[in-house]
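A.B. asks: Dropping the structure in here first, questions after.
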Amino acid sequence: MTPPPIAADIEFFELRKSGGRDVHGFNDLLHKLYTTPETSSLPYDRWYVTEIKGYKNQGKKTVQHEFILATVQGPGKNNFRYLRIHRRIQKGSVVSSPTTDEQPAAAAAAPESSAADSSDMESPTTGAPQREPNSIKKRALDDITVSKDPRSLLKFGKSEVVEHVTFPTSHISLPQLAVLTRCINEAAAGYHLATSNCYWFAYTLSEALKQKHDGKVIESNSKKGTWNGLAVNFVSRKIDIPNLNERFMIEWDEFVNRVCCHGQ
């Protein structure tokens, strides 16, 4: 008996059903997909990233949030999905005693929010820089949401494009994108308003993809990485992009080996 055909977008079934997953959970979903007998023959590059757009989301008050919208192309003609990838605060979580390289800068970035996470933030009453405690930080929630309609991923407040990058010659596959986002989370698992915030996450993901996959910048405006016109000091949370990409290659090899060795 001939087995039923595999759906063209089976990679997103669980992600869509759950309404989104954190980057670690999405890695687990893909690992399970590639180790399930019925879908183990799926090539990793069935879906791949063709472009990313960085968005700045203007909230209802003064809160501004930056995130990445990735366009991924799959099998068949004009078969696209859109992934919203961003960082926010994980509710009810605290990470204590950050390491030296994760200490916040003197000037804090603005709090950020979407409809889902605004209750975790305290909006400043003035534009003055805020100093963050050195000993306590929240845990970051870096998550991925999928949709056939990119407009549905821009529904929280007014969003505008602050960067547009295409990848005409080198593509990153869907599972590679998942592993890369997990690497970024592991590089800074704590959320600091001053450093490892949504601006930092969007910047790091964009730079890693551009450097590794010859990204062509179509648009980049001065609002990127700013809050009310002021540059955000996330760059004080140093990250070596070439080193991050090297770490990504190690973790990608580990992902492939785990899939290949599953059940042995």
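Here, A, B, ... name the chains of the structure tokens in the order displayed, residue numbers run from 1 inside each chain, and ligands are numbered from 1 in the same displayed order.
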Which polymer residues have any atom within 10 Å of an atom of Phe201 in chain A, counting only C-alpha atoms, with same-chain residues fewer than 6 positions away left out, as a CSV table (one decimal) with all heavy atoms, in the first residue's frame?

C.D. replies:
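Output saved as around_38.csv:
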```csv
chain,number,residue,atom,x,y,z
A,66,GLU,N,11.6,45.6,18.6
A,66,GLU,CA,12.2,45.2,17.3
A,66,GLU,C,12.2,43.7,17.2
A,66,GLU,O,12.4,43.0,18.1
A,66,GLU,CB,13.6,45.8,17.1
A,66,GLU,CG,13.6,47.3,16.9
A,66,GLU,CD,14.9,47.8,16.4
A,66,GLU,OE1,15.8,47.0,16.1
A,66,GLU,OE2,15.1,49.0,16.4
A,67,PHE,N,11.9,43.2,16.0
A,67,PHE,CA,11.8,41.8,15.7
A,67,PHE,C,12.2,41.5,14.2
A,67,PHE,O,12.2,42.4,13.4
A,67,PHE,CB,10.4,41.2,16.0
A,67,PHE,CG,9.3,41.8,15.2
A,67,PHE,CD1,8.8,41.2,14.1
A,67,PHE,CD2,8.7,43.0,15.7
A,67,PHE,CE1,7.8,41.8,13.3
A,67,PHE,CE2,7.6,43.5,15.0
A,67,PHE,CZ,7.2,42.9,13.8
A,68,ILE,N,12.4,40.2,13.9
A,68,ILE,CA,12.7,39.8,12.6
A,68,ILE,C,11.5,39.1,12.0
A,68,ILE,O,10.9,38.2,12.6
A,68,ILE,CB,14.0,38.9,12.6
A,68,ILE,CG1,15.2,39.6,13.1
A,68,ILE,CG2,14.2,38.3,11.2
A,68,ILE,CD1,15.7,40.7,12.2
A,85,ILE,N,10.3,36.2,14.5
A,85,ILE,CA,11.3,35.7,15.4
A,85,ILE,C,11.7,36.9,16.3
A,85,ILE,O,12.2,37.9,15.8
A,85,ILE,CB,12.6,35.2,14.7
A,85,ILE,CG1,12.2,34.2,13.6
A,85,ILE,CG2,13.5,34.5,15.7
A,85,ILE,CD1,13.3,33.8,12.7
A,86,HIS,N,11.5,36.7,17.6
A,86,HIS,CA,11.8,37.9,18.5
A,86,HIS,C,12.1,37.5,19.9
A,86,HIS,O,11.9,36.3,20.3
A,86,HIS,CB,10.7,38.9,18.4
A,86,HIS,CG,9.4,38.4,19.1
A,86,HIS,ND1,8.6,39.2,19.8
A,86,HIS,CD2,8.8,37.2,19.1
A,86,HIS,CE1,7.5,38.5,20.3
A,86,HIS,NE2,7.7,37.3,19.8
A,87,ARG,N,12.6,38.4,20.7
A,87,ARG,CA,12.9,38.2,22.1
A,87,ARG,C,12.0,39.1,22.9
A,87,ARG,O,11.7,40.2,22.7
A,87,ARG,CB,14.4,38.7,22.3
A,87,ARG,CG,14.7,38.8,23.8
A,87,ARG,CD,16.2,38.8,24.1
A,87,ARG,NE,16.8,37.5,23.8
A,87,ARG,CZ,17.9,37.0,24.4
A,87,ARG,NH1,18.6,37.8,25.2
A,87,ARG,NH2,18.4,35.8,24.1
A,88,ARG,N,11.5,38.5,24.0
A,88,ARG,CA,10.8,39.2,25.0
A,88,ARG,C,11.1,38.5,26.4
A,88,ARG,O,11.9,37.6,26.5
A,88,ARG,CB,9.3,39.1,24.7
A,88,ARG,CG,8.7,37.8,24.5
A,88,ARG,CD,7.3,37.9,23.9
A,88,ARG,NE,6.7,36.6,23.5
A,88,ARG,CZ,5.9,35.9,24.2
A,88,ARG,NH1,5.5,36.4,25.4
A,88,ARG,NH2,5.4,34.8,23.8
A,142,ASP,N,12.9,33.7,23.6
A,142,ASP,CA,13.1,33.9,22.1
A,142,ASP,C,12.2,32.9,21.4
A,142,ASP,O,12.4,31.7,21.5
A,142,ASP,CB,14.6,33.6,21.8
A,142,ASP,CG,15.5,34.6,22.5
A,142,ASP,OD1,15.1,35.7,22.9
A,142,ASP,OD2,16.6,34.2,22.8
A,181,THR,N,19.2,30.4,15.9
A,181,THR,CA,18.4,31.2,16.9
A,181,THR,C,18.7,30.6,18.3
A,181,THR,O,18.8,31.3,19.3
A,181,THR,CB,16.9,31.2,16.6
A,181,THR,OG1,16.4,29.9,16.5
A,181,THR,CG2,16.7,31.9,15.3
A,184,ILE,N,22.0,31.8,19.5
A,184,ILE,CA,21.9,33.2,20.0
A,184,ILE,C,21.3,33.2,21.4
A,184,ILE,O,21.8,33.9,22.3
A,184,ILE,CB,21.1,34.1,19.1
A,184,ILE,CG1,21.8,34.1,17.7
A,184,ILE,CG2,20.9,35.5,19.6
A,184,ILE,CD1,21.0,34.8,16.6
A,185,ASN,N,20.3,32.4,21.7
A,185,ASN,CA,19.7,32.3,23.0
A,185,ASN,C,20.7,31.8,24.0
A,185,ASN,O,20.8,32.4,25.1
A,185,ASN,CB,18.5,31.4,23.0
A,185,ASN,CG,17.9,31.2,24.3
A,185,ASN,OD1,18.2,30.3,25.1
A,185,ASN,ND2,16.9,32.1,24.7
A,188,ALA,N,23.2,34.4,25.3
A,188,ALA,CA,22.7,35.4,26.3
A,188,ALA,C,21.3,34.9,26.7
A,188,ALA,O,20.3,35.4,26.1
A,188,ALA,CB,22.7,36.8,25.8
A,191,TYR,N,17.5,38.2,30.0
A,191,TYR,CA,17.0,39.4,29.3
A,191,TYR,C,17.4,40.6,30.2
A,191,TYR,O,17.1,40.7,31.4
A,191,TYR,CB,15.5,39.3,29.2
A,191,TYR,CG,14.9,40.5,28.5
A,191,TYR,CD1,14.3,40.3,27.2
A,191,TYR,CD2,14.8,41.8,29.0
A,191,TYR,CE1,13.8,41.4,26.5
A,191,TYR,CE2,14.3,42.8,28.4
A,191,TYR,CZ,13.7,42.6,27.1
A,191,TYR,OH,13.2,43.7,26.4
A,195,THR,N,21.0,45.6,27.7
A,195,THR,CA,22.0,44.9,26.8
A,195,THR,C,21.3,43.8,25.9
A,195,THR,O,21.0,44.0,24.8
A,195,THR,CB,23.1,44.3,27.6
A,195,THR,OG1,22.6,43.5,28.6
A,195,THR,CG2,24.0,45.4,28.2
A,207,GLU,N,22.9,40.2,11.7
A,207,GLU,CA,24.3,40.2,11.4
A,207,GLU,C,24.9,38.8,11.1
A,207,GLU,O,25.7,38.6,10.2
A,207,GLU,CB,25.1,40.9,12.5
A,207,GLU,CG,24.9,42.4,12.6
A,207,GLU,CD,25.2,43.1,11.3
A,207,GLU,OE1,26.3,42.9,10.8
A,207,GLU,OE2,24.4,43.9,10.8
A,234,PHE,N,22.8,48.4,23.2
A,234,PHE,CA,23.0,46.9,23.3
A,234,PHE,C,24.3,46.5,22.8
A,234,PHE,O,24.8,45.4,23.1
A,234,PHE,CB,21.9,46.2,22.4
A,234,PHE,CG,21.9,46.6,20.9
A,234,PHE,CD1,22.8,45.9,20.1
A,234,PHE,CD2,21.1,47.5,20.4
A,234,PHE,CE1,22.9,46.3,18.8
A,234,PHE,CE2,21.1,47.9,19.1
A,234,PHE,CZ,22.0,47.3,18.3
```

A.B. asks: When you count only C-alpha atoms, which of these residues is closest to Val161 in chain A: A:Ile241, A:Ala194, A:Ile218, A:Leu29?

C.D. replies: A:Ile218

A.B. asks: Closest to Gly157 in chain A among A:Asn57, A:His31, A:His65, A:Thr71, using only C-alpha atoms?

C.D. replies: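 Of A:Asn57, A:His31, A:His65, A:Thr71, the one nearest Gly157 in chain A is A:Asn57, counting only C-alpha atoms.
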
A.B. asks: Excluding Glu246 in chain A and its own-chain neighbours fewer than 5 positions away, which residues fall within 12 Å of it when counting only C-alpha atoms? Please give them as a list in words.

C.D. replies: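 Near neighbours after the sequence-gap exclusion: Leu180, Cys183, Ile184, Ala208, Gln211, Lys212, Asp240, Ile241, Glu251, Trp252 and Asp253 of chain A.
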
A.B. asks: Write out, as a Markdown table, each residue of range 162-235 of chain A that has an atom at most 6 Å from range 47-53 of chain A, together with the closest pair of atoms and their distance in Å to one decimal, counting only C-alpha atoms, rows going by chain and rising number.

C.D. replies:
```
| residue | atom | partner | partner_atom | distance |
| --- | --- | --- | --- | --- |
| A:Glu163 | CA | A:Lys53 | CA | 5.5 |
| A:His164 | CA | A:Lys53 | CA | 4.5 |
| A:Val165 | CA | A:Ile52 | CA | 5.4 |
| A:Thr166 | CA | A:Glu51 | CA | 4.2 |
| A:Phe167 | CA | A:Thr50 | CA | 5.5 |
| A:His171 | CA | A:Val49 | CA | 5.9 |
| A:Ile172 | CA | A:Tyr48 | CA | 5.6 |
| A:Ser173 | CA | A:Tyr48 | CA | 4.1 |
| A:Leu174 | CA | A:Tyr48 | CA | 5.2 |
```

A.B. asks: Extract the full set of helix (DSSP H, G or I) residues from range 16-89 of chain A according to DSSP on the backbone, and format it as JSON, numbers by chain.

C.D. replies: {"A": [16, 17, 18, 23, 24, 25, 26, 27, 28, 29, 30, 31, 32, 33, 34, 35, 37, 38, 39, 44, 45, 46]}

A.B. asks: Within range 145-209 of chain A, find each residue whose DSSP state, derived from the backbone, is strand (DSSP E or B), and express the selection as a ChimeraX atom specification.

C.D. replies: /A:145-147,158-166,173,190-191

A.B. asks: Taking N, CA and C atoms for each residue, export the selection above as an mmCIF file, in the first residue's frame.

C.D. replies:
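As written to disk, out_34.cif reads:
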```cif
data_model
loop_
_atom_site.group_PDB
_atom_site.id
_atom_site.type_symbol
_atom_site.label_atom_id
_atom_site.label_comp_id
_atom_site.auth_asym_id
_atom_site.auth_seq_id
_atom_site.Cartn_x
_atom_site.Cartn_y
_atom_site.Cartn_z
ATOM 1 N N THR A 145 6.993 32.241 15.501
ATOM 2 C CA THR A 145 5.599 32.069 15.126
ATOM 3 C C THR A 145 5.510 32.034 13.610
ATOM 4 N N VAL A 146 4.649 31.175 13.076
ATOM 5 C CA VAL A 146 4.553 31.010 11.628
ATOM 6 C C VAL A 146 3.179 31.423 11.117
ATOM 7 N N SER A 147 3.133 31.902 9.879
ATOM 8 C CA SER A 147 1.866 32.245 9.242
ATOM 9 C C SER A 147 2.043 32.249 7.727
ATOM 10 N N LYS A 158 1.605 49.636 15.380
ATOM 11 C CA LYS A 158 2.084 50.030 14.055
ATOM 12 C C LYS A 158 3.520 49.566 13.873
ATOM 13 N N SER A 159 3.781 48.815 12.799
ATOM 14 C CA SER A 159 5.118 48.293 12.547
ATOM 15 C C SER A 159 5.683 48.900 11.270
ATOM 16 N N GLU A 160 6.973 49.198 11.279
ATOM 17 C CA GLU A 160 7.622 49.697 10.079
ATOM 18 C C GLU A 160 8.940 48.960 9.864
ATOM 19 N N VAL A 161 9.308 48.802 8.594
ATOM 20 C CA VAL A 161 10.543 48.110 8.247
ATOM 21 C C VAL A 161 11.732 49.022 8.526
ATOM 22 N N VAL A 162 12.716 48.506 9.272
ATOM 23 C CA VAL A 162 13.940 49.261 9.525
ATOM 24 C C VAL A 162 15.143 48.607 8.845
ATOM 25 N N GLU A 163 14.956 47.388 8.336
ATOM 26 C CA GLU A 163 16.021 46.733 7.576
ATOM 27 C C GLU A 163 15.401 45.667 6.684
ATOM 28 N N HIS A 164 15.954 45.524 5.487
ATOM 29 C CA HIS A 164 15.492 44.499 4.541
ATOM 30 C C HIS A 164 16.729 43.876 3.914
ATOM 31 N N VAL A 165 16.882 42.560 4.090
ATOM 32 C CA VAL A 165 18.054 41.842 3.597
ATOM 33 C C VAL A 165 17.590 40.643 2.781
ATOM 34 N N THR A 166 18.168 40.452 1.599
ATOM 35 C CA THR A 166 17.876 39.277 0.773
ATOM 36 C C THR A 166 19.112 38.389 0.699
ATOM 37 N N SER A 173 18.873 26.913 5.525
ATOM 38 C CA SER A 173 17.698 26.055 5.585
ATOM 39 C C SER A 173 16.916 26.312 6.875
ATOM 40 N N GLY A 190 19.725 35.390 29.462
ATOM 41 C CA GLY A 190 19.045 36.356 30.314
ATOM 42 C C GLY A 190 18.623 37.586 29.547
ATOM 43 N N TYR A 191 17.523 38.175 29.972
ATOM 44 C CA TYR A 191 17.008 39.401 29.335
ATOM 45 C C TYR A 191 17.422 40.602 30.186
#
```

A.B. asks: Which residue out of A:Arg21, A:Arg16, A:Lys32, A:Lys77 has the minimum interatomic distance to Lys148 in chain A when only C-alpha atoms are used?

C.D. replies: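 Using only C-alpha atoms, the shortest distance to Lys148 in chain A belongs to A:Arg16.
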
A.B. asks: A:Pro168, A:Thr204, A:Tyr44, A:Ile6: which is nearest Val217 in chain A, counting only C-alpha atoms?

C.D. replies: A:Pro168

A.B. asks: Which is closer to Val179 in chain A than all the others in A:Leu69, A:Val256, A:Ala202, A:Leu141, using only C-alpha atoms?

C.D. replies: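 Of the candidates, the smallest distance to Val179 in chain A is held by A:Val256.
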
A.B. asks: Set the distance at 10 Å and use only C-alpha atoms: which residues neighbour Asn79 in chain A once local chain neighbours fewer than 5 positions away are removed? I'd like the list as a PyMOL selection string.

C.D. replies: chain A and resi 8-9+47+72-74+148
